Amino acid sequence: MAGIVVIGGGIAGSAAALALHKAGFEVAVYEAHPGTGADIGAFLTLASNGMRALAQFDAAEAVAGIGFPIVTMSLVDATGAELATMPLGEHDHPLRRYRCLRRAELAAALQQEVQRRGIPIRHAARLAAVTEDAAGTTATFADGTSATGDLLVGADGLHSTVRSHLDPATPAYAGQSVFYGYTTEAEPHGEREGITMIRGSGAAFGYLVSPAGETFWFARVPGPAVAAEQVAGATPAQWREHLLPLLRTDTTPAADIVAATGHDLMVTNALHLSPGIRWRSRGAVLIGDAAHAASPATGQGASMALEDAVILAKALRDADTFAAALDRYERHRRPRVERNIAVSAQLTSGGPGPTSSAVGNAALSRREPPRPDDELNHLLDWHTPLPALALRESGARDR
Ligand SMILES: Cc1cc2nc3c(=O)[nH]c(=O)nc-3n(C[C@H](O)[C@H](O)[C@H](O)COP(=O)(O)OP(=O)(O)OC[C@H]3O[C@@H](n4cnc5c(N)ncnc54)[C@H](O)[C@@H]3O)c2cc1C
């Protein structure tokens, strides 16, 4: 059995460990954080394709036990008038409907599955360097320890250290700052199990209400990036003062929801990677945000990471050599994930508008005629061998 070292125990890394373990590989995960509670603030929506990917390595039930489902999306204009309401994804399937969850909850649920299946996971293991030689690929950690495998999977996120071993690219600002928060003090608005997207005049605003009555919201604000010292130092009250004038010009619930938010109010800058970066060497490969971080407009980052895990595991399971497997993985994944980066960037640069996750997903599928749902589902299906692809079909870079 080949030994695979996975760097990063977030969404992509834990998912890859589960899928590779199911495919029969010996895997170990190395995660920088001492626990699972990092980045507790952010929430995300997992789309039907992400839920389908989870099912391939038998983790859909574990994830369906956290967060809450979303089955419809409403689009609202700046006056509060409803423009459209539509069903979301596979809304009638209990394990494949969209879910809203905190990112840290999702990462913790996947890590629990990793542990439950006996896959070693070491916390407080921060990768410092990667070296490759005839003995394999070695990860050296900040504490001086190391781990060697036949293959190293870089699932260490947006600011990946593994990526720096392969390519000098760094993430760039995508043109929007993203605020998000939670409140139990706002009057509950919108449909039960529905997300409302407001085409605001100063910000794209989305909100949904959990079964417990907590409102989850985000605002995507075009303009210059928020300075790092402000991200670290500004208080929730200062961010409310910043946001409220942008939202008060509209007659929607957005301003009242933000005004009713206490300490649970955070900001981040939307970042993305350029397409075309190098994903792999002889003994290392990137997955998830490390390979293809997109701005959040399409709401597909986590779902794409889960798809990566399935396709990588299937490629390694089905190809005769690591080189052939990594080539097959890249050829299947690169066109899809780079289209997601492009669609998300387009939605982001369009300023405030109908830029919800679900709208982005619809735009993505509209722009992807060569990969209709049934073809993607076939590729993801665990029991279906992953076909080899000719270079001209894939857009992958031959190395
Ligand atoms: C504001 C915002 C909203 C978003 N909304 C959505 C959404 O609605 N839907 C969606 O699907 N996606 C969304 N995303 C994107 C989504 O969060 C990411 O695409 C997803 O988390 C990627 O998973 P990952 O495992 O690749 O990276 P991460 O989740 O970042 O995990 C990387 C892991 O690697 C670890 N690590 C980092 N460096 C090292 C190192 N040197 N050594 C060891 N370990 C290391 C980290 O601690 C972390 O655990 C959003 C992102 C943002 C910023």
# chains A, B, ... in the order shown; residues from 1 in each chain; ligands from 1
call {"tool": "residues_around", "arguments": {"residues": "Pro224 in chain A", "least_positions_apart": "2", "cutoff": "10 Å", "atoms": "only C-alpha atoms", "output": "mmCIF file with C-alpha atoms, in the first residue's frame"}}
result
data_model
loop_
_atom_site.group_PDB
_atom_site.id
_atom_site.type_symbol
_atom_site.label_atom_id
_atom_site.label_comp_id
_atom_site.auth_asym_id
_atom_site.auth_seq_id
_atom_site.Cartn_x
_atom_site.Cartn_y
_atom_site.Cartn_z
ATOM 1 C CA TYR A 173 -7.797 40.695 -4.099
ATOM 2 C CA ALA A 174 -10.991 40.026 -6.072
ATOM 3 C CA GLY A 175 -12.567 43.472 -5.571
ATOM 4 C CA GLN A 176 -15.003 42.925 -2.697
ATOM 5 C CA SER A 177 -14.823 42.833 1.060
ATOM 6 C CA VAL A 221 -19.209 45.243 -0.694
ATOM 7 C CA PRO A 222 -17.303 46.347 -3.815
ATOM 8 C CA VAL A 226 -9.993 46.349 3.933
ATOM 9 C CA ALA A 227 -6.545 46.927 5.428
ATOM 10 C CA ASN A 269 -11.360 40.327 1.765
#
call {"tool": "residues_near_ligand", "arguments": {"ligand": "ligand 1", "cutoff": "7 Å", "atoms": "only C-alpha atoms and all ligand atoms", "output": "MDAnalysis selection string"}}
result
chainID A and resid 7:13 30:33 42:47 103 125:128 155:161 178 268 270 287:290 293 296 299:305 357
call {"tool": "residues_around", "arguments": {"residues": "Gly67 in chain A", "least_positions_apart": "5", "cutoff": "9 Å", "atoms": "only C-alpha atoms", "output": "PyMOL selection string"}}
result
chain A and resi 99-102+105-106+210
call {"tool": "write_last_selection", "arguments": {"atoms": "C-alpha atoms", "output": "compact mmCIF listing (two decimals), in the first residue's frame"}}
result
# COMPACT_ATOMS: atom_id res chain seq x y z
CA ARG A 99 -27.01 22.95 3.56
CA CYS A 100 -25.90 26.01 5.45
CA LEU A 101 -23.21 25.37 8.06
CA ARG A 102 -20.37 27.02 9.86
CA GLU A 105 -18.55 22.66 12.03
CA LEU A 106 -18.05 21.09 8.63
CA SER A 210 -31.84 28.76 11.11
call {"tool": "atom_distance", "arguments": {"atom1": "CA of Asp150 in chain A", "atom2": "CA of Leu326 in chain A"}}
result
12.8 Å
call {"tool": "residues_around", "arguments": {"residues": "Ala19 in chain A", "least_positions_apart": "6", "cutoff": "12 Å", "atoms": "only C-alpha atoms", "output": "ChimeraX atom specification"}}
result
/A:4,6,12-13,25-27,53-59,110,113-114,117,119,306-317,380,382
call {"tool": "write_last_selection", "arguments": {"atoms": "C-alpha atoms", "output": "short mmCIF file (atom, residue, chain, number, x, y, z; two decimals), in the first residue's frame"}}
result
data_model
loop_
_atom_site.label_atom_id
_atom_site.label_comp_id
_atom_site.auth_asym_id
_atom_site.auth_seq_id
_atom_site.Cartn_x
_atom_site.Cartn_y
_atom_site.Cartn_z
CA ILE A 4 0.02 9.37 1.26
CA VAL A 6 -2.11 14.95 3.41
CA ALA A 12 -10.35 19.34 1.20
CA GLY A 13 -7.77 17.53 3.34
CA PHE A 25 -4.43 3.87 0.49
CA GLU A 26 -2.55 4.34 3.73
CA VAL A 27 -3.10 8.00 4.60
CA ALA A 53 -19.37 14.20 -3.44
CA LEU A 54 -19.60 13.53 0.33
CA ALA A 55 -21.85 10.53 -0.32
CA GLN A 56 -19.15 8.90 -2.47
CA PHE A 57 -16.97 8.40 0.61
CA ASP A 58 -19.89 7.76 2.96
CA ALA A 59 -19.79 11.10 4.80
CA LEU A 110 -15.11 15.56 8.60
CA GLU A 113 -15.04 10.85 10.46
CA VAL A 114 -11.29 10.70 9.78
CA ARG A 117 -12.18 5.41 10.58
CA ILE A 119 -6.94 7.46 9.89
CA LEU A 306 -15.13 17.83 -1.97
CA GLU A 307 -15.34 17.00 -5.68
CA ASP A 308 -11.53 17.20 -5.89
CA ALA A 309 -11.22 14.63 -3.10
CA VAL A 310 -13.40 12.12 -4.95
CA ILE A 311 -11.76 12.61 -8.34
CA LEU A 312 -8.23 12.44 -6.91
CA ALA A 313 -8.99 9.22 -5.02
CA LYS A 314 -10.64 7.65 -8.05
CA ALA A 315 -7.73 8.69 -10.30
CA LEU A 316 -5.20 7.14 -7.90
CA ARG A 317 -7.35 4.04 -7.54
CA LEU A 380 -18.18 11.49 -9.21
CA TRP A 382 -17.54 5.99 -6.80
#
call {"tool": "residues_around", "arguments": {"residues": "Leu152 in chain A", "least_positions_apart": "5", "cutoff": "12 Å", "atoms": "only C-alpha atoms", "output": "ChimeraX atom specification"}}
result
/A:2-8,13,16-17,26-30,127,129-132,136-140,147,162-163,165-166,279-287,322,326
